[in-house]
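Quick look at target.txt (compact mmCIF, C-alpha atoms):
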# COMPACT_ATOMS: atom_id res chain seq x y z
CA MET A 627 -20.21 5.06 13.65
CA LYS A 628 -19.19 8.20 11.79
CA ILE A 629 -15.98 7.83 9.81
CA SER A 630 -13.84 10.48 8.15
CA ILE A 631 -11.54 9.38 5.37
CA ILE A 632 -8.60 11.61 4.51
CA GLY A 633 -7.92 10.70 0.90
CA THR A 634 -10.90 9.55 -1.15
CA GLY A 635 -8.92 7.64 -3.77
CA LEU A 636 -8.44 3.93 -4.44
CA ILE A 637 -7.69 2.75 -0.89
CA GLY A 638 -9.85 5.20 1.06
CA GLY A 639 -12.73 4.82 -1.37
CA SER A 640 -12.59 1.03 -1.32
CA MET A 641 -12.57 0.99 2.48
CA ALA A 642 -15.53 3.37 2.56
CA LEU A 643 -17.60 1.21 0.20
CA LYS A 644 -16.97 -1.95 2.19
CA LEU A 645 -17.58 -0.37 5.60
CA LYS A 646 -20.87 1.06 4.32
CA GLU A 647 -21.93 -2.30 2.94
CA LYS A 648 -21.17 -4.01 6.25
CA GLY A 649 -23.08 -1.38 8.23
CA ILE A 650 -19.99 -0.34 10.18
CA ALA A 651 -20.09 3.22 8.84
CA HIS A 652 -23.39 5.04 9.10
CA PHE A 653 -21.99 8.32 7.77
CA ILE A 654 -18.74 8.99 5.96
CA TYR A 655 -17.01 12.34 5.53
CA GLY A 656 -14.51 12.72 2.74
CA ILE A 657 -11.49 14.98 3.19
CA ASP A 658 -9.35 15.61 0.12
CA ASN A 659 -7.30 18.47 -1.32
CA ASP A 660 -8.57 17.45 -4.76
CA GLN A 661 -12.14 18.74 -4.98
CA GLN A 662 -12.71 16.63 -8.10
CA HIS A 663 -12.13 13.56 -5.92
CA ILE A 664 -14.72 14.81 -3.44
CA SER A 665 -17.24 15.45 -6.22
CA LYS A 666 -16.64 12.02 -7.77
CA ALA A 667 -16.81 10.26 -4.40
CA LEU A 668 -20.14 11.97 -3.70
CA GLU A 669 -21.43 11.04 -7.16
CA LEU A 670 -20.47 7.39 -6.61
CA LYS A 671 -21.97 7.46 -3.09
CA ILE A 672 -18.60 6.52 -1.59
CA ILE A 673 -18.94 9.37 0.91
CA ASP A 674 -21.96 11.18 2.32
CA ALA A 675 -20.41 14.64 2.59
CA GLY A 676 -17.21 16.50 1.98
CA ALA A 677 -15.49 18.26 4.86
CA ASP A 678 -12.41 20.28 5.68
CA LEU A 679 -9.79 18.69 7.91
CA GLU A 680 -10.89 20.21 11.21
CA GLN A 681 -14.60 19.62 10.69
CA GLY A 682 -14.09 16.08 9.41
CA VAL A 683 -11.76 15.05 12.23
CA LYS A 684 -13.77 16.57 15.07
CA ASN A 685 -17.09 15.06 13.91
CA ALA A 686 -15.85 11.49 13.40
CA ASP A 687 -15.58 8.49 15.67
CA VAL A 688 -12.83 7.09 13.46
CA VAL A 689 -10.46 8.90 11.11
CA ILE A 690 -8.77 6.88 8.36
CA ILE A 691 -5.70 8.47 6.76
CA ALA A 692 -5.41 7.08 3.23
CA ILE A 693 -2.96 9.39 1.47
CA PRO A 694 0.67 8.93 0.30
CA VAL A 695 2.97 7.99 3.17
CA ASP A 696 4.98 11.21 3.23
CA ALA A 697 1.79 13.28 3.44
CA ALA A 698 0.36 10.93 6.09
CA ARG A 699 3.48 11.30 8.18
CA LYS A 700 3.19 15.09 8.07
CA ILE A 701 -0.53 15.30 8.76
CA LEU A 702 -0.86 12.73 11.56
CA PRO A 703 0.47 14.88 14.45
CA GLY A 704 -1.98 17.64 13.55
CA VAL A 705 -4.86 15.19 13.35
CA LEU A 706 -4.01 13.86 16.81
CA ASP A 707 -3.99 17.46 18.09
CA LEU A 708 -7.65 17.79 17.06
CA ILE A 709 -9.14 14.67 18.64
CA SER A 710 -10.65 13.74 21.98
CA ASP A 711 -9.70 10.73 24.08
CA HIS A 712 -12.62 8.77 22.62
CA GLN A 713 -11.71 8.96 18.94
CA THR A 714 -9.58 6.53 16.95
CA ILE A 715 -7.10 7.35 14.18
CA MET A 716 -5.75 4.77 11.75
CA ASP A 717 -3.74 5.00 8.57
CA ALA A 718 -3.43 2.77 5.52
CA GLY A 719 0.16 3.43 4.49
CA SER A 720 2.55 0.95 2.89
CA THR A 721 5.42 1.91 5.20
CA LYS A 722 5.03 2.00 8.94
CA ALA A 723 8.26 2.86 10.81
CA GLY A 724 8.32 6.48 9.65
CA ILE A 725 4.74 7.24 10.59
CA VAL A 726 5.04 5.48 13.97
CA ASN A 727 8.21 7.43 14.78
CA ALA A 728 6.55 10.70 13.76
CA VAL A 729 4.13 10.48 16.70
CA LYS A 730 6.03 8.37 19.22
CA ASP A 731 6.12 11.25 21.75
CA HIS A 732 2.70 12.70 20.98
CA PRO A 733 0.47 12.89 24.09
CA LYS A 734 -2.38 11.23 22.17
CA ARG A 735 -0.24 8.55 20.51
CA SER A 736 -2.40 5.82 22.04
CA ARG A 737 -5.40 6.92 19.95
CA PHE A 738 -3.51 5.97 16.76
CA VAL A 739 -3.36 2.47 15.29
CA ALA A 740 -0.83 1.86 12.51
CA PHE A 741 -2.45 -0.26 9.80
CA HIS A 742 -1.58 -1.51 6.32
CA PRO A 743 -4.14 -3.26 4.10
CA MET A 744 -2.09 -5.48 1.80
CA TRP A 745 -3.90 -4.66 -1.41
CA GLY A 746 -3.64 -2.16 -4.21
CA THR A 747 -3.77 -1.76 -7.96
CA GLU A 748 -2.10 0.43 -10.54
CA ASN A 749 -5.25 2.56 -10.69
CA SER A 750 -6.08 5.64 -8.66
CA GLY A 751 -8.94 7.94 -7.78
CA PRO A 752 -12.41 7.27 -6.33
CA GLN A 753 -13.62 5.85 -9.65
CA SER A 754 -11.19 2.94 -9.09
CA ALA A 755 -12.61 1.99 -5.69
CA VAL A 756 -13.85 -1.60 -5.38
CA THR A 757 -16.08 -2.88 -2.58
CA GLU A 758 -14.59 -6.38 -2.32
CA SER A 759 -10.99 -5.34 -2.86
CA PHE A 760 -9.68 -6.33 0.58
CA SER A 761 -11.49 -9.65 0.97
CA GLY A 762 -9.10 -12.46 1.88
CA LYS A 763 -6.07 -10.17 1.98
CA ALA A 764 -3.77 -9.53 4.93
CA GLY A 765 -4.45 -6.58 7.19
CA VAL A 766 -1.32 -5.72 9.17
CA ILE A 767 -1.56 -3.90 12.50
CA CYS A 768 1.79 -2.60 13.73
CA ASN A 769 3.01 -1.81 17.26
CA LYS A 770 -0.38 -2.67 18.77
CA GLU A 771 1.03 -2.35 22.30
CA GLU A 772 1.41 1.40 21.71
CA SER A 773 -2.31 1.84 21.03
CA ALA A 774 -5.12 2.13 23.59
CA GLU A 775 -7.09 -1.08 24.00
CA ASP A 776 -10.38 0.45 22.85
CA ALA A 777 -8.73 2.07 19.81
CA LEU A 778 -7.14 -1.25 18.88
CA GLN A 779 -10.47 -3.05 19.25
CA THR A 780 -12.16 -0.48 17.00
CA VAL A 781 -9.57 -0.99 14.26
CA GLU A 782 -9.77 -4.77 14.64
CA LYS A 783 -13.53 -4.49 14.11
CA ILE A 784 -12.92 -2.48 10.95
CA VAL A 785 -10.34 -4.98 9.65
CA GLU A 786 -12.79 -7.83 10.25
CA ALA A 787 -15.51 -5.90 8.40
CA LEU A 788 -13.12 -5.53 5.45
CA ASP A 789 -12.95 -9.37 5.44
CA MET A 790 -9.19 -9.31 5.91
CA HIS A 791 -7.13 -11.69 8.04
CA MET A 792 -5.20 -9.82 10.71
CA ILE A 793 -1.45 -9.99 11.23
CA TYR A 794 0.36 -8.24 14.08
CA MET A 795 3.90 -7.05 13.51
CA ASN A 796 6.30 -4.36 14.66
CA ALA A 797 6.79 -1.47 12.25
CA GLN A 798 10.43 -2.21 11.43
CA ASP A 799 9.74 -5.84 10.55
CA HIS A 800 6.77 -4.79 8.46
CA ASP A 801 8.90 -2.44 6.39
CA ILE A 802 11.56 -5.11 5.82
CA HIS A 803 9.03 -7.68 4.65
CA THR A 804 7.09 -5.30 2.41
CA ALA A 805 10.35 -4.26 0.75
CA TYR A 806 10.87 -7.93 -0.17
CA ILE A 807 7.38 -8.81 -1.34
CA SER A 808 5.88 -5.55 -2.56
CA HIS A 809 8.24 -2.65 -3.07
CA ILE A 810 10.83 -4.57 -5.12
CA SER A 811 8.03 -5.80 -7.41
CA HIS A 812 7.19 -2.23 -8.31
CA ILE A 813 10.81 -1.24 -8.96
CA THR A 814 11.26 -4.33 -11.15
CA SER A 815 8.12 -3.49 -13.09
CA TYR A 816 9.19 0.12 -13.63
CA ALA A 817 12.65 -1.02 -14.75
CA LEU A 818 11.27 -3.61 -17.17
CA ALA A 819 8.87 -1.09 -18.67
CA ASN A 820 11.73 1.38 -19.14
CA THR A 821 13.88 -1.35 -20.71
CA VAL A 822 11.23 -2.21 -23.27
CA LEU A 823 10.44 1.44 -23.99
CA GLU A 824 14.15 2.11 -24.53
CA LYS A 825 14.82 -0.88 -26.80
CA GLU A 826 11.52 -1.17 -28.64
CA ARG A 827 10.67 2.23 -30.08
CA GLU A 828 7.66 0.98 -32.04
CA GLU A 829 4.73 1.36 -29.64
CA GLU A 830 2.40 -0.45 -32.02
CA THR A 831 4.71 -3.47 -31.97
CA ILE A 832 4.66 -3.53 -28.16
CA PHE A 833 0.87 -3.41 -28.26
CA GLN A 834 0.54 -6.13 -30.89
CA LEU A 835 3.10 -8.60 -29.57
CA ALA A 836 2.84 -8.15 -25.80
CA SER A 837 1.69 -11.41 -24.24
CA SER A 838 -0.38 -11.75 -21.11
CA GLY A 839 2.85 -12.62 -19.28
CA PHE A 840 4.50 -9.35 -20.23
CA SER A 841 1.34 -7.36 -19.49
CA SER A 842 0.98 -8.84 -16.02
CA THR A 843 4.69 -8.29 -15.26
CA VAL A 844 4.62 -4.61 -16.18
CA ARG A 845 1.13 -3.91 -14.82
CA LEU A 846 2.63 -2.34 -11.71
CA ALA A 847 4.58 0.10 -13.89
CA LYS A 848 1.28 1.91 -14.41
CA SER A 849 1.28 2.85 -10.70
CA HIS A 850 1.57 6.56 -10.04
CA PRO A 851 4.85 8.16 -8.84
CA GLU A 852 2.89 10.35 -6.39
CA MET A 853 2.33 7.25 -4.31
CA TRP A 854 5.46 5.21 -4.93
CA VAL A 855 8.27 7.76 -4.71
CA PRO A 856 7.28 8.50 -1.05
CA ILE A 857 7.17 4.76 -0.29
CA PHE A 858 10.67 4.21 -1.70
CA LYS A 859 11.87 7.29 0.16
CA GLN A 860 10.40 6.20 3.51
CA ASN A 861 11.69 2.64 3.14
CA LYS A 862 14.95 3.48 1.37
CA GLU A 863 17.37 1.29 3.34
CA ASN A 864 15.25 -1.85 3.11
CA VAL A 865 14.50 -1.27 -0.56
CA LEU A 866 18.21 -0.78 -1.31
CA ASP A 867 19.01 -4.02 0.51
CA VAL A 868 16.56 -6.09 -1.51
CA LEU A 869 17.45 -4.22 -4.71
CA ASN A 870 21.11 -5.18 -4.29
CA GLU A 871 20.10 -8.83 -3.92
CA HIS A 872 17.84 -8.57 -6.97
CA ILE A 873 20.68 -7.12 -9.04
CA SER A 874 22.90 -9.97 -7.84
CA GLN A 875 20.31 -12.49 -9.03
CA LEU A 876 20.05 -10.78 -12.44
CA ARG A 877 23.84 -10.97 -12.77
CA LYS A 878 23.69 -14.73 -12.17
CA PHE A 879 21.27 -15.13 -15.09
CA LYS A 880 23.41 -12.84 -17.25
CA SER A 881 26.57 -14.76 -16.41
CA ALA A 882 24.94 -18.13 -17.13
CA LEU A 883 23.88 -16.94 -20.57
CA GLU A 884 27.21 -15.27 -21.38
CA LYS A 885 29.13 -18.42 -20.45
CA GLU A 886 26.53 -20.68 -22.10
CA ASN A 887 26.22 -22.44 -18.77
CA TYR A 888 22.72 -23.77 -19.36
CA GLU A 889 22.98 -26.29 -16.54
CA TYR A 890 23.42 -23.41 -14.09
CA LEU A 891 20.60 -21.52 -15.81
CA GLU A 892 18.35 -24.51 -15.22
CA GLU A 893 19.41 -24.58 -11.56
CA LEU A 894 18.46 -20.92 -11.16
CA ILE A 895 15.03 -21.49 -12.70
CA THR A 896 14.44 -24.68 -10.72
CA ASN A 897 15.30 -22.88 -7.50
CA ALA A 898 12.88 -20.09 -8.42
CA ASN A 899 10.17 -22.70 -9.00
CA ARG A 900 10.13 -23.34 -5.25
CA ILE A 901 7.89 -20.29 -4.99
CA ARG A 902 5.05 -22.51 -6.32
CA GLY A 903 4.89 -24.29 -2.98
CA ILE A 904 4.63 -20.98 -1.14
CA LEU A 905 2.25 -19.06 -3.41
CA ARG A 906 -0.47 -21.57 -4.14

The structure given in the file should be rewritten as C-alpha cells.
Amino acid sequence: MKISIIGTGLIGGSMALKLKEKGIAHFIYGIDNDQQHISKALELKIIDAGADLEQGVKNADVVIIAIPVDAARKILPGVLDLISDHQTIMDAGSTKAGIVNAVKDHPKRSRFVAFHPMWGTENSGPQSAVTESFSGKAGVICNKEESAEDALQTVEKIVEALDMHMIYMNAQDHDIHTAYISHISHITSYALANTVLEKEREEETIFQLASSGFSSTVRLAKSHPEMWVPIFKQNKENVLDVLNEHISQLRKFKSALEKENYEYLEELITNANRIRGILR
C-alpha cells in the first residue's frame, strides 16, 4: 500500500522504517513543514518522496498523522475533507479525547482511527528514527466503534506489523491512564532537572558526579517543549489531578524527614517497592 506520513520525525520516521521492512508500505510520501526533515528522511531512505498535504493525502491508501497533538487536532478535519471513502487516516498522538472530539461530527469520521503507539524517546527528527522502536510495546486504539470496519482492520494490520500488542480503550480512559504513567513522568523529570540546575550552578560538577540513576531519571527532561506543552495542554485536567497526588506524596517524604520519622519513611519506600511486582 501507499502510505503518507504527516510528520517525518521520531515517531513517523520509525513507523515508516518498520512498515517498509515488513513490506506493508510499498511507497511512502513524507509531508512536513520542515524541508530539512524531508531532505534528511529522503537521505536516510525513510520516505520515497516528499509531497505537499493535498498531493500526499490524495495519493495514499493510508495517512498517518505524526505531529504534535495540537497540530494534529487542527489538521485532521482538513485531511478528512480530502479523502475518499476507501482511504484510512490514523494518528499517533499521546492524547486522544481532544482529537476524537475535533472530528466527532465530520461526515467522514468513520475513516479515522485514533491510535497511540506507547513509545518515545527524548530525541527528535528523522535522524532519531529506529526500526525496532515499537516492538513489544502497547499500541492503543481508541473508540474503535466509531471507525469503519475496513479502516479499523487496516490499522490493526499496521499495528501488528509494528510488532506491538493491541489494546482497545475509549479516549477519555486513555487520557487518564497516560497522565498517570507517562505525562507525570515528564513533568517530574523537568522539575528535577530544574531543581538541580537551580541548586547546582557548576555544570562540570553535574557532569562529573551524575550517576546513572540521576541520568535515567532526568532523561525525559531532554524532551522538546514543542511536543510536550501541547500534550499537557490537551490533557490538562488529568495531568493536574495526578500532579496534585504527586505533590501530596512528595510532602509525605518531606514531612517524614522534617520530623525524623524514619519508620514512616521506610513505610513510604516499602509501599513504593510494590511497583516491582507490576513492572517486571

Problem set entry | Nearest candidate to Val705 of chain A (options A:Ala723, A:Ser773, A:Ile632, A:Met641; using all atoms listed in the file) | A:Ile632

Exercise. Which is closest to Val781 of chain A among A:Arg699, A:His850, A:His742, A:Lys862, if we use only C-alpha atoms?
Worked result: A:His742

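Between atom CA of Asp789 of chain A and atom CA of Gln860 of chain A the interatomic distance comes to 28.1 Å.
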
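Shortest separation to Ala697 of chain A among A:Val855, A:Leu869, A:Ile901, A:Leu846 occurs at residue A:Val855, atoms counted being all atoms listed in the file.
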
For this session: To one decimal in Å, tell me the separation between atom CA of Ile857 of chain A and atom CA of Ile657 of chain A.
Result: 21.6 Å

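Neighbours of His809 of chain A closer than or equal to 10 Å, with all atoms listed in the file counted and sequence neighbours fewer than 2 positions away skipped, come out as Ser720, Thr721, Asp801, Ile802, His803, Thr804, Ala805, Tyr806, Ile807, Ser811, His812, Ile813, Thr814, Trp854, Ile857, Phe858, Asn861, Asn864, Val865, Val868 and Leu869 of chain A.
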
For this session: Rank A:Asp687, A:Ala774, A:Gly746, A:Phe741 by their smallest atom-to-atom distance to Gly635 of chain A, using all atoms listed in the file, and report the top residue only.
Result: A:Gly746

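With distances taken over all atoms listed in the file, A:Ile767 is the one residue among A:Ile673, A:Leu891, A:Val822, A:Ile767 lying closest to Asp799 of chain A.
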
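With all atoms listed in the file as the atoms that count, the residue of A:Ala686, A:Ile793, A:Leu788, A:Leu866 with the shortest distance to Ile810 of chain A is A:Leu866.
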
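Computed from the coordinates, the atom CA of Ile709 of chain A to atom CA of Glu680 of chain A distance equals 9.4 Å.
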
For this session: Excluding Asn659 of chain A and any residue of its chain fewer than 6 positions from it, enumerate the residues within 12 Å of it, using all atoms listed in the file, and give them as a PyMOL selection string.
Result: chain A and resi 632-635+665+676-679+693+697

For this session: Write out as a PyMOL selection string each polymer residue whose atoms come within 10 Å of Asp776 of chain A, counting all atoms listed in the file; drop sequence neighbours fewer than 6 positions from it.
Result: chain A and resi 712-714+736-737+782

Restrict the selected residues to C-alpha atoms and save them as a CSV table (one decimal), in the frame of the given file.
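Saved the output as selection-v4.csv:
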chain,number,residue,atom,x,y,z
A,712,HIS,CA,-12.6,8.8,22.6
A,713,GLN,CA,-11.7,9.0,18.9
A,714,THR,CA,-9.6,6.5,17.0
A,736,SER,CA,-2.4,5.8,22.0
A,737,ARG,CA,-5.4,6.9,20.0
A,782,GLU,CA,-9.8,-4.8,14.6

Just add all heavy atoms to segment 879-890 of chain A and send it as a short mmCIF file (atom, residue, chain, number, x, y, z; two decimals), keeping the file's coordinate frame.
data_model
loop_
_atom_site.label_atom_id
_atom_site.label_comp_id
_atom_site.auth_asym_id
_atom_site.auth_seq_id
_atom_site.Cartn_x
_atom_site.Cartn_y
_atom_site.Cartn_z
N PHE A 879 21.89 -14.73 -13.82
CA PHE A 879 21.27 -15.13 -15.09
C PHE A 879 22.10 -14.62 -16.27
O PHE A 879 22.30 -15.35 -17.25
CB PHE A 879 19.84 -14.56 -15.17
CG PHE A 879 18.82 -15.39 -14.44
CD1 PHE A 879 18.55 -15.18 -13.09
CD2 PHE A 879 18.13 -16.40 -15.10
CE1 PHE A 879 17.63 -15.95 -12.42
CE2 PHE A 879 17.19 -17.17 -14.44
CZ PHE A 879 16.93 -16.96 -13.10
N LYS A 880 22.59 -13.40 -16.17
CA LYS A 880 23.41 -12.84 -17.25
C LYS A 880 24.68 -13.65 -17.45
O LYS A 880 25.06 -13.98 -18.57
CB LYS A 880 23.75 -11.38 -16.90
CG LYS A 880 24.59 -10.65 -17.94
CD LYS A 880 24.73 -9.18 -17.56
CE LYS A 880 25.56 -8.41 -18.59
NZ LYS A 880 26.99 -8.70 -18.49
N SER A 881 25.33 -14.00 -16.33
CA SER A 881 26.57 -14.76 -16.41
C SER A 881 26.33 -16.14 -17.02
O SER A 881 27.13 -16.62 -17.84
CB SER A 881 27.19 -14.89 -15.02
OG SER A 881 28.33 -15.70 -15.04
N ALA A 882 25.24 -16.79 -16.61
CA ALA A 882 24.94 -18.13 -17.13
C ALA A 882 24.75 -18.09 -18.64
O ALA A 882 25.22 -18.99 -19.36
CB ALA A 882 23.69 -18.68 -16.44
N LEU A 883 24.09 -17.05 -19.13
CA LEU A 883 23.88 -16.94 -20.57
C LEU A 883 25.18 -16.59 -21.29
O LEU A 883 25.50 -17.17 -22.34
CB LEU A 883 22.83 -15.87 -20.85
CG LEU A 883 21.37 -16.30 -20.63
CD1 LEU A 883 20.45 -15.09 -20.66
CD2 LEU A 883 20.95 -17.33 -21.67
N GLU A 884 25.95 -15.66 -20.74
CA GLU A 884 27.21 -15.27 -21.38
C GLU A 884 28.15 -16.45 -21.50
O GLU A 884 28.84 -16.61 -22.52
CB GLU A 884 27.88 -14.15 -20.56
CG GLU A 884 27.21 -12.80 -20.71
CD GLU A 884 27.82 -11.75 -19.79
OE1 GLU A 884 28.46 -12.14 -18.77
OE2 GLU A 884 27.67 -10.56 -20.07
N LYS A 885 28.21 -17.29 -20.48
CA LYS A 885 29.13 -18.42 -20.45
C LYS A 885 28.51 -19.69 -21.04
O LYS A 885 29.13 -20.75 -21.01
CB LYS A 885 29.58 -18.69 -19.02
CG LYS A 885 30.36 -17.52 -18.42
CD LYS A 885 30.70 -17.77 -16.95
CE LYS A 885 31.47 -16.59 -16.37
NZ LYS A 885 31.77 -16.78 -14.92
N GLU A 886 27.27 -19.55 -21.55
CA GLU A 886 26.53 -20.68 -22.10
C GLU A 886 26.45 -21.83 -21.11
O GLU A 886 26.53 -23.01 -21.48
CB GLU A 886 27.15 -21.14 -23.43
CG GLU A 886 27.09 -20.06 -24.49
CD GLU A 886 27.60 -20.54 -25.85
OE1 GLU A 886 28.06 -21.70 -25.94
OE2 GLU A 886 27.52 -19.75 -26.80
N ASN A 887 26.33 -21.45 -19.84
CA ASN A 887 26.22 -22.44 -18.77
C ASN A 887 24.74 -22.72 -18.54
O ASN A 887 24.12 -22.23 -17.59
CB ASN A 887 26.88 -21.90 -17.49
CG ASN A 887 26.99 -22.97 -16.41
OD1 ASN A 887 26.35 -24.02 -16.49
ND2 ASN A 887 27.79 -22.70 -15.39
N TYR A 888 24.16 -23.55 -19.41
CA TYR A 888 22.72 -23.77 -19.36
C TYR A 888 22.31 -24.69 -18.21
O TYR A 888 21.16 -24.67 -17.77
CB TYR A 888 22.25 -24.32 -20.72
CG TYR A 888 22.57 -23.35 -21.84
CD1 TYR A 888 23.39 -23.71 -22.89
CD2 TYR A 888 22.06 -22.05 -21.80
CE1 TYR A 888 23.70 -22.81 -23.90
CE2 TYR A 888 22.37 -21.14 -22.80
CZ TYR A 888 23.19 -21.52 -23.84
OH TYR A 888 23.50 -20.61 -24.83
N GLU A 889 23.26 -25.46 -17.72
CA GLU A 889 22.98 -26.29 -16.54
C GLU A 889 22.75 -25.39 -15.32
O GLU A 889 21.80 -25.60 -14.55
CB GLU A 889 24.14 -27.24 -16.27
CG GLU A 889 23.90 -28.18 -15.10
CD GLU A 889 25.04 -29.16 -14.91
OE1 GLU A 889 25.79 -29.44 -15.88
OE2 GLU A 889 25.18 -29.65 -13.77
N TYR A 890 23.59 -24.37 -15.19
CA TYR A 890 23.42 -23.41 -14.09
C TYR A 890 22.14 -22.60 -14.27
O TYR A 890 21.43 -22.30 -13.31
CB TYR A 890 24.63 -22.49 -14.00
CG TYR A 890 24.58 -21.51 -12.86
CD1 TYR A 890 24.21 -21.90 -11.57
CD2 TYR A 890 24.89 -20.16 -13.06
CE1 TYR A 890 24.17 -21.00 -10.52
CE2 TYR A 890 24.86 -19.25 -12.02
CZ TYR A 890 24.49 -19.67 -10.75
OH TYR A 890 24.43 -18.78 -9.71
#
